[in-house]
Amino acid sequence: MKERRHSVTILMADDDQDDCLLIRDAFAENRLPDVLRFVENGEALMDYLYQRGAFADPELSPRPELILLDLNMPRMDGREALRIIKSDPELRDIPVVVLTTSRYEVDVACSYSTGANSFITKPDTFDGLLWLVRNLIEYWFKAVKLPAR
């Protein structure tokens, strides 16, 4: 059985720069500042995953072990990106956590039916975000067995 790498990559697709900074700070508080990569829309997410354009170098754009996906982004929203990811045999095994401000039941249902692994509404406080990040790390990288790549 292949050992999991000590270094992981989490790719966050979110167009809200304030949310990205807060997430970066929350990961830094949890002593994991270097695991995050960011893209600002669904098209950039797909370019990253397919290693196209600015993301062509696999050393600079490693395959993520987890995707944090906002639903409401310009150019290609998270709903469409999720549909593409989960319909592609090369990408579908990457866990996708929808991390959004939406509280709409239709977004929850649609996300899960499209293949999201989790749906989380963004916390309202930084303490809530710290708690969320700590639990994401514990769950996805300590408790869960992910496929080896």
# chains A, B, ... in the order shown; residues from 1 in each chain; ligands from 1

call {"tool": "residues_around", "arguments": {"residues": "A:Leu11", "least_positions_apart": "6", "cutoff": "8 Å", "atoms": "only C-alpha atoms", "output": "PyMOL selection string"}}
result
chain A and resi 36-39+64+66-68

call {"tool": "select_by_dssp", "arguments": {"residues": "chain A", "states": "helix (DSSP H, G or I)", "output": "PyMOL selection string"}}
result
chain A and resi 17-29+42-49+53-55+78-87+105-114+126-143

call {"tool": "closest_residue", "arguments": {"among": "A:Met46, A:Ile10, A:Ala148, A:Ile84", "to": "A:Pro62", "atoms": "only C-alpha atoms"}}
result
A:Ile10

call {"tool": "residues_around", "arguments": {"residues": "A:Ser102", "least_positions_apart": "6", "cutoff": "9 Å", "atoms": "only C-alpha atoms", "output": "number ranges by chain"}}
result
A: 71-72, 108, 120-122

call {"tool": "write_last_selection", "arguments": {"atoms": "all heavy atoms", "output": "PDB file, in the first residue's frame"}}
result
ATOM      1  N   LEU A  71     -19.943  28.168  -5.157  1.00  0.00           N
ATOM      2  CA  LEU A  71     -20.925  27.972  -6.220  1.00  0.00           C
ATOM      3  C   LEU A  71     -21.065  29.181  -7.128  1.00  0.00           C
ATOM      4  O   LEU A  71     -21.247  29.040  -8.334  1.00  0.00           O
ATOM      5  CB  LEU A  71     -22.303  27.641  -5.616  1.00  0.00           C
ATOM      6  CG  LEU A  71     -22.426  26.294  -4.931  1.00  0.00           C
ATOM      7  CD1 LEU A  71     -23.845  26.121  -4.386  1.00  0.00           C
ATOM      8  CD2 LEU A  71     -22.055  25.153  -5.855  1.00  0.00           C
ATOM      9  N   ASN A  72     -20.989  30.375  -6.567  1.00  0.00           N
ATOM     10  CA  ASN A  72     -21.282  31.591  -7.325  1.00  0.00           C
ATOM     11  C   ASN A  72     -19.992  32.304  -7.720  1.00  0.00           C
ATOM     12  O   ASN A  72     -19.451  33.082  -6.949  1.00  0.00           O
ATOM     13  CB  ASN A  72     -22.187  32.505  -6.495  1.00  0.00           C
ATOM     14  CG  ASN A  72     -23.480  31.823  -6.145  1.00  0.00           C
ATOM     15  OD1 ASN A  72     -24.138  31.261  -7.008  1.00  0.00           O
ATOM     16  ND2 ASN A  72     -23.838  31.837  -4.880  1.00  0.00           N
ATOM     17  N   VAL A 108     -28.015  22.827  -2.005  1.00  0.00           N
ATOM     18  CA  VAL A 108     -27.554  21.634  -1.275  1.00  0.00           C
ATOM     19  C   VAL A 108     -27.895  20.385  -2.085  1.00  0.00           C
ATOM     20  O   VAL A 108     -27.023  19.551  -2.363  1.00  0.00           O
ATOM     21  CB  VAL A 108     -28.188  21.564   0.136  1.00  0.00           C
ATOM     22  CG1 VAL A 108     -27.797  20.267   0.839  1.00  0.00           C
ATOM     23  CG2 VAL A 108     -27.793  22.764   0.980  1.00  0.00           C
ATOM     24  N   ILE A 120     -20.918  22.813   2.664  1.00  0.00           N
ATOM     25  CA  ILE A 120     -20.722  23.598   3.873  1.00  0.00           C
ATOM     26  C   ILE A 120     -21.019  25.061   3.570  1.00  0.00           C
ATOM     27  O   ILE A 120     -20.503  25.614   2.605  1.00  0.00           O
ATOM     28  CB  ILE A 120     -19.272  23.463   4.393  1.00  0.00           C
ATOM     29  CG1 ILE A 120     -18.955  22.001   4.709  1.00  0.00           C
ATOM     30  CG2 ILE A 120     -19.052  24.352   5.615  1.00  0.00           C
ATOM     31  CD1 ILE A 120     -17.484  21.736   5.014  1.00  0.00           C
ATOM     32  N   THR A 121     -21.846  25.654   4.431  1.00  0.00           N
ATOM     33  CA  THR A 121     -22.074  27.091   4.334  1.00  0.00           C
ATOM     34  C   THR A 121     -20.943  27.784   5.085  1.00  0.00           C
ATOM     35  O   THR A 121     -20.597  27.396   6.203  1.00  0.00           O
ATOM     36  CB  THR A 121     -23.439  27.471   4.930  1.00  0.00           C
ATOM     37  OG1 THR A 121     -24.455  26.763   4.196  1.00  0.00           O
ATOM     38  CG2 THR A 121     -23.694  28.956   4.813  1.00  0.00           C
ATOM     39  N   LYS A 122     -20.355  28.803   4.451  1.00  0.00           N
ATOM     40  CA  LYS A 122     -19.230  29.517   5.058  1.00  0.00           C
ATOM     41  C   LYS A 122     -19.627  30.086   6.417  1.00  0.00           C
ATOM     42  O   LYS A 122     -20.692  30.686   6.551  1.00  0.00           O
ATOM     43  CB  LYS A 122     -18.759  30.661   4.151  1.00  0.00           C
ATOM     44  CG  LYS A 122     -18.111  30.196   2.871  1.00  0.00           C
ATOM     45  CD  LYS A 122     -17.766  31.372   1.970  1.00  0.00           C
ATOM     46  CE  LYS A 122     -17.155  30.893   0.655  1.00  0.00           C
ATOM     47  NZ  LYS A 122     -16.935  32.001  -0.277  1.00  0.00           N
TER      48      LYS A 122
END

call {"tool": "closest_residue", "arguments": {"among": "A:Val8, A:Leu21, A:Phe27, A:Asp47", "to": "A:Asn135", "atoms": "only C-alpha atoms"}}
result
A:Phe27

call {"tool": "residues_around", "arguments": {"residues": "stretch 85-98 of chain A", "least_positions_apart": "4", "cutoff": "12 Å", "atoms": "only C-alpha atoms", "output": "mmCIF file with N, CA, C and O atoms, in the first residue's frame"}}
result
data_model
loop_
_atom_site.group_PDB
_atom_site.id
_atom_site.type_symbol
_atom_site.label_atom_id
_atom_site.label_comp_id
_atom_site.auth_asym_id
_atom_site.auth_seq_id
_atom_site.Cartn_x
_atom_site.Cartn_y
_atom_site.Cartn_z
ATOM 1 N N THR A 9 -2.141 19.134 -1.379
ATOM 2 C CA THR A 9 -2.572 20.339 -2.079
ATOM 3 C C THR A 9 -4.084 20.442 -1.979
ATOM 4 O O THR A 9 -4.802 19.493 -2.296
ATOM 5 N N ILE A 10 -4.533 21.590 -1.519
ATOM 6 C CA ILE A 10 -5.955 21.902 -1.494
ATOM 7 C C ILE A 10 -6.159 23.065 -2.450
ATOM 8 O O ILE A 10 -5.485 24.085 -2.351
ATOM 9 N N LEU A 11 -7.059 22.880 -3.386
ATOM 10 C CA LEU A 11 -7.343 23.900 -4.386
ATOM 11 C C LEU A 11 -8.674 24.553 -4.054
ATOM 12 O O LEU A 11 -9.698 23.876 -3.935
ATOM 13 N N MET A 12 -8.644 25.865 -3.876
ATOM 14 C CA MET A 12 -9.862 26.608 -3.576
ATOM 15 C C MET A 12 -10.260 27.451 -4.778
ATOM 16 O O MET A 12 -9.465 28.233 -5.284
ATOM 17 N N ALA A 13 -11.497 27.263 -5.220
ATOM 18 C CA ALA A 13 -12.047 28.049 -6.323
ATOM 19 C C ALA A 13 -13.074 29.008 -5.738
ATOM 20 O O ALA A 13 -14.149 28.589 -5.298
ATOM 21 N N ASP A 14 -12.705 30.293 -5.696
ATOM 22 C CA ASP A 14 -13.573 31.303 -5.086
ATOM 23 C C ASP A 14 -13.155 32.660 -5.623
ATOM 24 O O ASP A 14 -11.972 32.988 -5.639
ATOM 25 N N GLY A 42 -14.555 29.237 -12.323
ATOM 26 C CA GLY A 42 -14.628 27.859 -12.790
ATOM 27 C C GLY A 42 -13.749 27.557 -13.985
ATOM 28 O O GLY A 42 -13.208 26.461 -14.108
ATOM 29 N N GLU A 43 -13.579 28.525 -14.877
ATOM 30 C CA GLU A 43 -12.699 28.302 -16.028
ATOM 31 C C GLU A 43 -11.256 28.114 -15.571
ATOM 32 O O GLU A 43 -10.557 27.219 -16.059
ATOM 33 N N LEU A 45 -10.350 27.045 -12.665
ATOM 34 C CA LEU A 45 -10.340 25.753 -11.985
ATOM 35 C C LEU A 45 -10.114 24.629 -12.985
ATOM 36 O O LEU A 45 -9.278 23.742 -12.773
ATOM 37 N N MET A 46 -10.832 24.667 -14.081
ATOM 38 C CA MET A 46 -10.678 23.613 -15.089
ATOM 39 C C MET A 46 -9.296 23.681 -15.745
ATOM 40 O O MET A 46 -8.682 22.643 -15.998
ATOM 41 N N ASP A 47 -8.792 24.892 -15.992
ATOM 42 C CA ASP A 47 -7.434 25.022 -16.535
ATOM 43 C C ASP A 47 -6.416 24.415 -15.567
ATOM 44 O O ASP A 47 -5.493 23.721 -15.981
ATOM 45 N N TYR A 48 -6.597 24.667 -14.276
ATOM 46 C CA TYR A 48 -5.693 24.102 -13.272
ATOM 47 C C TYR A 48 -5.768 22.572 -13.299
ATOM 48 O O TYR A 48 -4.745 21.887 -13.361
ATOM 49 N N LEU A 49 -6.963 22.040 -13.248
ATOM 50 C CA LEU A 49 -7.127 20.582 -13.182
ATOM 51 C C LEU A 49 -6.617 19.878 -14.435
ATOM 52 O O LEU A 49 -6.078 18.772 -14.357
ATOM 53 N N TYR A 50 -6.774 20.529 -15.591
ATOM 54 C CA TYR A 50 -6.294 19.942 -16.845
ATOM 55 C C TYR A 50 -4.876 20.414 -17.197
ATOM 56 O O TYR A 50 -4.370 20.099 -18.266
ATOM 57 N N ARG A 63 -1.723 18.140 -8.716
ATOM 58 C CA ARG A 63 -3.091 17.624 -8.577
ATOM 59 C C ARG A 63 -3.538 17.802 -7.131
ATOM 60 O O ARG A 63 -2.860 17.390 -6.196
ATOM 61 N N PRO A 64 -4.718 18.394 -6.928
ATOM 62 C CA PRO A 64 -5.192 18.594 -5.551
ATOM 63 C C PRO A 64 -5.743 17.297 -4.952
ATOM 64 O O PRO A 64 -6.297 16.459 -5.662
ATOM 65 N N GLU A 65 -5.579 17.171 -3.646
ATOM 66 C CA GLU A 65 -6.202 16.075 -2.919
ATOM 67 C C GLU A 65 -7.608 16.446 -2.468
ATOM 68 O O GLU A 65 -8.398 15.582 -2.097
ATOM 69 N N LEU A 66 -7.910 17.755 -2.520
ATOM 70 C CA LEU A 66 -9.226 18.248 -2.112
ATOM 71 C C LEU A 66 -9.493 19.557 -2.834
ATOM 72 O O LEU A 66 -8.591 20.383 -2.976
ATOM 73 N N ILE A 67 -10.728 19.742 -3.271
ATOM 74 C CA ILE A 67 -11.160 20.996 -3.885
ATOM 75 C C ILE A 67 -12.207 21.635 -2.985
ATOM 76 O O ILE A 67 -13.173 20.973 -2.577
ATOM 77 N N LEU A 68 -12.002 22.908 -2.666
ATOM 78 C CA LEU A 68 -13.009 23.719 -1.973
ATOM 79 C C LEU A 68 -13.640 24.596 -3.044
ATOM 80 O O LEU A 68 -12.949 25.391 -3.689
ATOM 81 N N LEU A 69 -14.932 24.458 -3.243
ATOM 82 C CA LEU A 69 -15.589 25.046 -4.407
ATOM 83 C C LEU A 69 -16.727 25.974 -4.013
ATOM 84 O O LEU A 69 -17.702 25.548 -3.382
ATOM 85 N N ASP A 70 -16.601 27.238 -4.402
ATOM 86 C CA ASP A 70 -17.699 28.182 -4.246
ATOM 87 C C ASP A 70 -18.678 27.957 -5.398
ATOM 88 O O ASP A 70 -18.275 27.601 -6.511
ATOM 89 N N LEU A 71 -19.943 28.168 -5.157
ATOM 90 C CA LEU A 71 -20.925 27.972 -6.220
ATOM 91 C C LEU A 71 -21.065 29.181 -7.128
ATOM 92 O O LEU A 71 -21.247 29.040 -8.334
ATOM 93 N N ASN A 72 -20.989 30.375 -6.567
ATOM 94 C CA ASN A 72 -21.282 31.591 -7.325
ATOM 95 C C ASN A 72 -19.992 32.304 -7.720
ATOM 96 O O ASN A 72 -19.451 33.082 -6.949
ATOM 97 N N ASP A 77 -19.627 28.975 -13.218
ATOM 98 C CA ASP A 77 -19.911 28.864 -11.788
ATOM 99 C C ASP A 77 -19.533 27.484 -11.248
ATOM 100 O O ASP A 77 -19.171 26.578 -12.008
ATOM 101 N N GLY A 78 -19.612 27.357 -9.942
ATOM 102 C CA GLY A 78 -19.209 26.118 -9.293
ATOM 103 C C GLY A 78 -20.095 24.936 -9.649
ATOM 104 O O GLY A 78 -19.644 23.800 -9.668
ATOM 105 N N ARG A 79 -21.355 25.195 -9.960
ATOM 106 C CA ARG A 79 -22.264 24.118 -10.331
ATOM 107 C C ARG A 79 -21.800 23.436 -11.612
ATOM 108 O O ARG A 79 -21.757 22.208 -11.690
ATOM 109 N N GLU A 80 -21.455 24.242 -12.603
ATOM 110 C CA GLU A 80 -20.983 23.699 -13.883
ATOM 111 C C GLU A 80 -19.622 23.032 -13.707
ATOM 112 O O GLU A 80 -19.375 21.951 -14.262
ATOM 113 N N ALA A 81 -18.723 23.648 -12.950
ATOM 114 C CA ALA A 81 -17.408 23.046 -12.712
ATOM 115 C C ALA A 81 -17.552 21.699 -12.010
ATOM 116 O O ALA A 81 -16.882 20.724 -12.382
ATOM 117 N N SER A 102 -24.235 30.203 0.215
ATOM 118 C CA SER A 102 -25.621 29.785 -0.010
ATOM 119 C C SER A 102 -26.147 28.933 1.142
ATOM 120 O O SER A 102 -25.453 28.077 1.671
ATOM 121 N N ARG A 103 -27.390 29.182 1.463
ATOM 122 C CA ARG A 103 -28.101 28.366 2.443
ATOM 123 C C ARG A 103 -29.355 27.740 1.796
ATOM 124 O O ARG A 103 -30.204 27.190 2.477
ATOM 125 N N ASP A 107 -29.562 24.427 -3.675
ATOM 126 C CA ASP A 107 -28.111 24.337 -3.894
ATOM 127 C C ASP A 107 -27.521 23.117 -3.197
ATOM 128 O O ASP A 107 -26.635 22.449 -3.736
ATOM 129 N N VAL A 108 -28.015 22.827 -2.005
ATOM 130 C CA VAL A 108 -27.554 21.634 -1.275
ATOM 131 C C VAL A 108 -27.895 20.385 -2.085
ATOM 132 O O VAL A 108 -27.023 19.551 -2.363
ATOM 133 N N ALA A 109 -29.150 20.252 -2.469
ATOM 134 C CA ALA A 109 -29.606 19.071 -3.201
ATOM 135 C C ALA A 109 -28.885 18.925 -4.539
ATOM 136 O O ALA A 109 -28.432 17.829 -4.897
ATOM 137 N N CYS A 110 -28.768 20.023 -5.269
ATOM 138 C CA CYS A 110 -28.097 19.985 -6.573
ATOM 139 C C CYS A 110 -26.622 19.603 -6.421
ATOM 140 O O CYS A 110 -26.097 18.813 -7.207
ATOM 141 N N SER A 111 -25.961 20.145 -5.410
ATOM 142 C CA SER A 111 -24.537 19.841 -5.197
ATOM 143 C C SER A 111 -24.341 18.357 -4.935
ATOM 144 O O SER A 111 -23.472 17.715 -5.532
ATOM 145 N N TYR A 112 -25.138 17.794 -4.048
ATOM 146 C CA TYR A 112 -24.995 16.369 -3.750
ATOM 147 C C TYR A 112 -25.384 15.497 -4.935
ATOM 148 O O TYR A 112 -24.707 14.504 -5.221
ATOM 149 N N SER A 113 -26.435 15.865 -5.655
ATOM 150 C CA SER A 113 -26.837 15.035 -6.794
ATOM 151 C C SER A 113 -25.826 15.093 -7.929
ATOM 152 O O SER A 113 -25.750 14.173 -8.738
ATOM 153 N N THR A 114 -25.033 16.160 -7.973
ATOM 154 C CA THR A 114 -24.000 16.290 -9.002
ATOM 155 C C THR A 114 -22.702 15.599 -8.585
ATOM 156 O O THR A 114 -21.821 15.402 -9.399
ATOM 157 N N GLY A 115 -22.590 15.241 -7.306
ATOM 158 C CA GLY A 115 -21.418 14.486 -6.873
ATOM 159 C C GLY A 115 -20.553 15.142 -5.821
ATOM 160 O O GLY A 115 -19.477 14.628 -5.500
ATOM 161 N N ALA A 116 -20.994 16.267 -5.259
ATOM 162 C CA ALA A 116 -20.204 16.892 -4.191
ATOM 163 C C ALA A 116 -20.065 15.914 -3.030
ATOM 164 O O ALA A 116 -20.984 15.155 -2.727
ATOM 165 N N ASN A 117 -18.918 15.940 -2.391
ATOM 166 C CA ASN A 117 -18.682 15.072 -1.245
ATOM 167 C C ASN A 117 -19.191 15.684 0.048
ATOM 168 O O ASN A 117 -19.478 14.955 0.998
ATOM 169 N N SER A 118 -19.274 17.006 0.096
ATOM 170 C CA SER A 118 -19.800 17.718 1.257
ATOM 171 C C SER A 118 -20.324 19.071 0.801
ATOM 172 O O SER A 118 -19.877 19.601 -0.218
ATOM 173 N N PHE A 119 -21.239 19.621 1.579
ATOM 174 C CA PHE A 119 -21.753 20.964 1.339
ATOM 175 C C PHE A 119 -21.660 21.709 2.657
ATOM 176 O O PHE A 119 -22.240 21.278 3.662
ATOM 177 N N ILE A 120 -20.918 22.813 2.664
ATOM 178 C CA ILE A 120 -20.722 23.598 3.873
ATOM 179 C C ILE A 120 -21.019 25.061 3.570
ATOM 180 O O ILE A 120 -20.503 25.614 2.605
ATOM 181 N N THR A 121 -21.846 25.654 4.431
ATOM 182 C CA THR A 121 -22.074 27.091 4.334
ATOM 183 C C THR A 121 -20.943 27.784 5.085
ATOM 184 O O THR A 121 -20.597 27.396 6.203
ATOM 185 N N LYS A 122 -20.355 28.803 4.451
ATOM 186 C CA LYS A 122 -19.230 29.517 5.058
ATOM 187 C C LYS A 122 -19.627 30.086 6.417
ATOM 188 O O LYS A 122 -20.692 30.686 6.551
ATOM 189 N N LEU A 132 -13.804 25.188 11.331
ATOM 190 C CA LEU A 132 -14.084 24.477 10.086
ATOM 191 C C LEU A 132 -12.804 23.937 9.456
ATOM 192 O O LEU A 132 -12.730 22.764 9.082
ATOM 193 N N VAL A 133 -11.783 24.773 9.337
ATOM 194 C CA VAL A 133 -10.519 24.348 8.719
ATOM 195 C C VAL A 133 -9.880 23.218 9.519
ATOM 196 O O VAL A 133 -9.429 22.225 8.957
ATOM 197 N N LEU A 136 -11.874 20.152 8.722
ATOM 198 C CA LEU A 136 -11.614 19.692 7.348
ATOM 199 C C LEU A 136 -10.304 18.923 7.286
ATOM 200 O O LEU A 136 -10.230 17.851 6.678
ATOM 201 N N TYR A 139 -10.646 15.549 9.135
ATOM 202 C CA TYR A 139 -11.478 14.589 8.424
ATOM 203 C C TYR A 139 -10.828 14.114 7.127
ATOM 204 O O TYR A 139 -10.647 12.915 6.921
ATOM 205 N N TRP A 140 -10.483 15.054 6.231
ATOM 206 C CA TRP A 140 -10.030 14.671 4.901
ATOM 207 C C TRP A 140 -8.609 14.123 4.857
ATOM 208 O O TRP A 140 -8.275 13.376 3.936
ATOM 209 N N PHE A 141 -7.772 14.484 5.826
ATOM 210 C CA PHE A 141 -6.377 14.046 5.729
ATOM 211 C C PHE A 141 -5.917 13.151 6.865
ATOM 212 O O PHE A 141 -4.798 12.653 6.841
ATOM 213 N N VAL A 144 -10.144 10.027 6.783
ATOM 214 C CA VAL A 144 -10.610 9.424 5.537
ATOM 215 C C VAL A 144 -9.447 8.790 4.782
ATOM 216 O O VAL A 144 -8.347 9.322 4.741
ATOM 217 N N LYS A 145 -9.706 7.655 4.149
ATOM 218 C CA LYS A 145 -8.747 7.020 3.265
ATOM 219 C C LYS A 145 -9.081 7.474 1.843
ATOM 220 O O LYS A 145 -10.156 7.208 1.332
ATOM 221 N N LEU A 146 -8.149 8.222 1.244
ATOM 222 C CA LEU A 146 -8.326 8.713 -0.120
ATOM 223 C C LEU A 146 -7.588 7.807 -1.095
ATOM 224 O O LEU A 146 -6.609 7.156 -0.717
ATOM 225 N N PRO A 147 -8.011 7.750 -2.350
ATOM 226 C CA PRO A 147 -7.314 6.927 -3.334
ATOM 227 C C PRO A 147 -5.880 7.416 -3.538
ATOM 228 O O PRO A 147 -5.626 8.630 -3.556
ATOM 229 N N ALA A 148 -4.954 6.496 -3.674
ATOM 230 C CA ALA A 148 -3.550 6.840 -3.952
ATOM 231 C C ALA A 148 -3.433 7.278 -5.399
ATOM 232 O O ALA A 148 -4.098 6.771 -6.283
ATOM 233 N N ARG A 149 -2.583 8.232 -5.635
ATOM 234 C CA ARG A 149 -2.324 8.717 -7.001
ATOM 235 C C ARG A 149 -0.875 8.625 -7.297
ATOM 236 O O ARG A 149 -0.005 8.913 -6.628
#

call {"tool": "residues_around", "arguments": {"residues": "A:Leu130", "least_positions_apart": "5", "cutoff": "9 Å", "atoms": "only C-alpha atoms", "output": "PyMOL selection string"}}
result
chain A and resi 23+25-27+29-30+125+135

call {"tool": "write_last_selection", "arguments": {"atoms": "N, CA, C and O atoms", "output": "tab-separated table (two decimals), in the first residue's frame"}}
result
chain	number	residue	atom	x	y	z
A	23	ILE	N	-9.49	32.31	4.54
A	23	ILE	CA	-9.18	30.88	4.49
A	23	ILE	C	-7.67	30.67	4.63
A	23	ILE	O	-7.21	29.81	5.37
A	25	ASP	N	-5.55	32.62	6.11
A	25	ASP	CA	-5.21	32.89	7.51
A	25	ASP	C	-5.61	31.72	8.41
A	25	ASP	O	-4.88	31.36	9.34
A	26	ALA	N	-6.77	31.13	8.16
A	26	ALA	CA	-7.23	30.01	8.98
A	26	ALA	C	-6.31	28.80	8.80
A	26	ALA	O	-6.00	28.10	9.78
A	27	PHE	N	-5.84	28.55	7.59
A	27	PHE	CA	-4.89	27.46	7.38
A	27	PHE	C	-3.55	27.77	8.04
A	27	PHE	O	-2.92	26.89	8.61
A	29	GLU	N	-3.14	29.58	10.74
A	29	GLU	CA	-3.37	29.38	12.17
A	29	GLU	C	-3.31	27.90	12.54
A	29	GLU	O	-2.94	27.54	13.65
A	30	ASN	N	-3.66	27.04	11.58
A	30	ASN	CA	-3.59	25.60	11.79
A	30	ASN	C	-2.26	25.00	11.31
A	30	ASN	O	-2.15	23.80	11.13
A	125	THR	N	-18.02	33.86	11.28
A	125	THR	CA	-16.94	34.42	12.10
A	125	THR	C	-15.61	33.74	11.79
A	125	THR	O	-15.58	32.62	11.27
A	135	ASN	N	-11.33	21.03	11.35
A	135	ASN	CA	-12.10	19.80	11.13
A	135	ASN	C	-11.98	19.26	9.70
A	135	ASN	O	-11.97	18.05	9.51

call {"tool": "atom_distance", "arguments": {"atom1": "atom CA of A:Met76", "atom2": "atom CA of A:Gln51"}}
result
17.1 Å

call {"tool": "select_by_dssp", "arguments": {"residues": "stretch 41-126 of chain A", "states": "strand (DSSP E or B)", "output": "list in words"}}
result
Leu66, Ile67, Leu68, Leu69, Val96, Val97, Val98, Leu99, Thr100, Ser118, Phe119, Ile120 and Thr121 of chain A

call {"tool": "atom_distance", "arguments": {"atom1": "atom CA of A:Asp18", "atom2": "atom CA of A:Phe126"}}
result
11.7 Å

call {"tool": "atom_distance", "arguments": {"atom1": "atom CA of A:Asp57", "atom2": "atom CA of A:Thr100"}}
result
28.8 Å
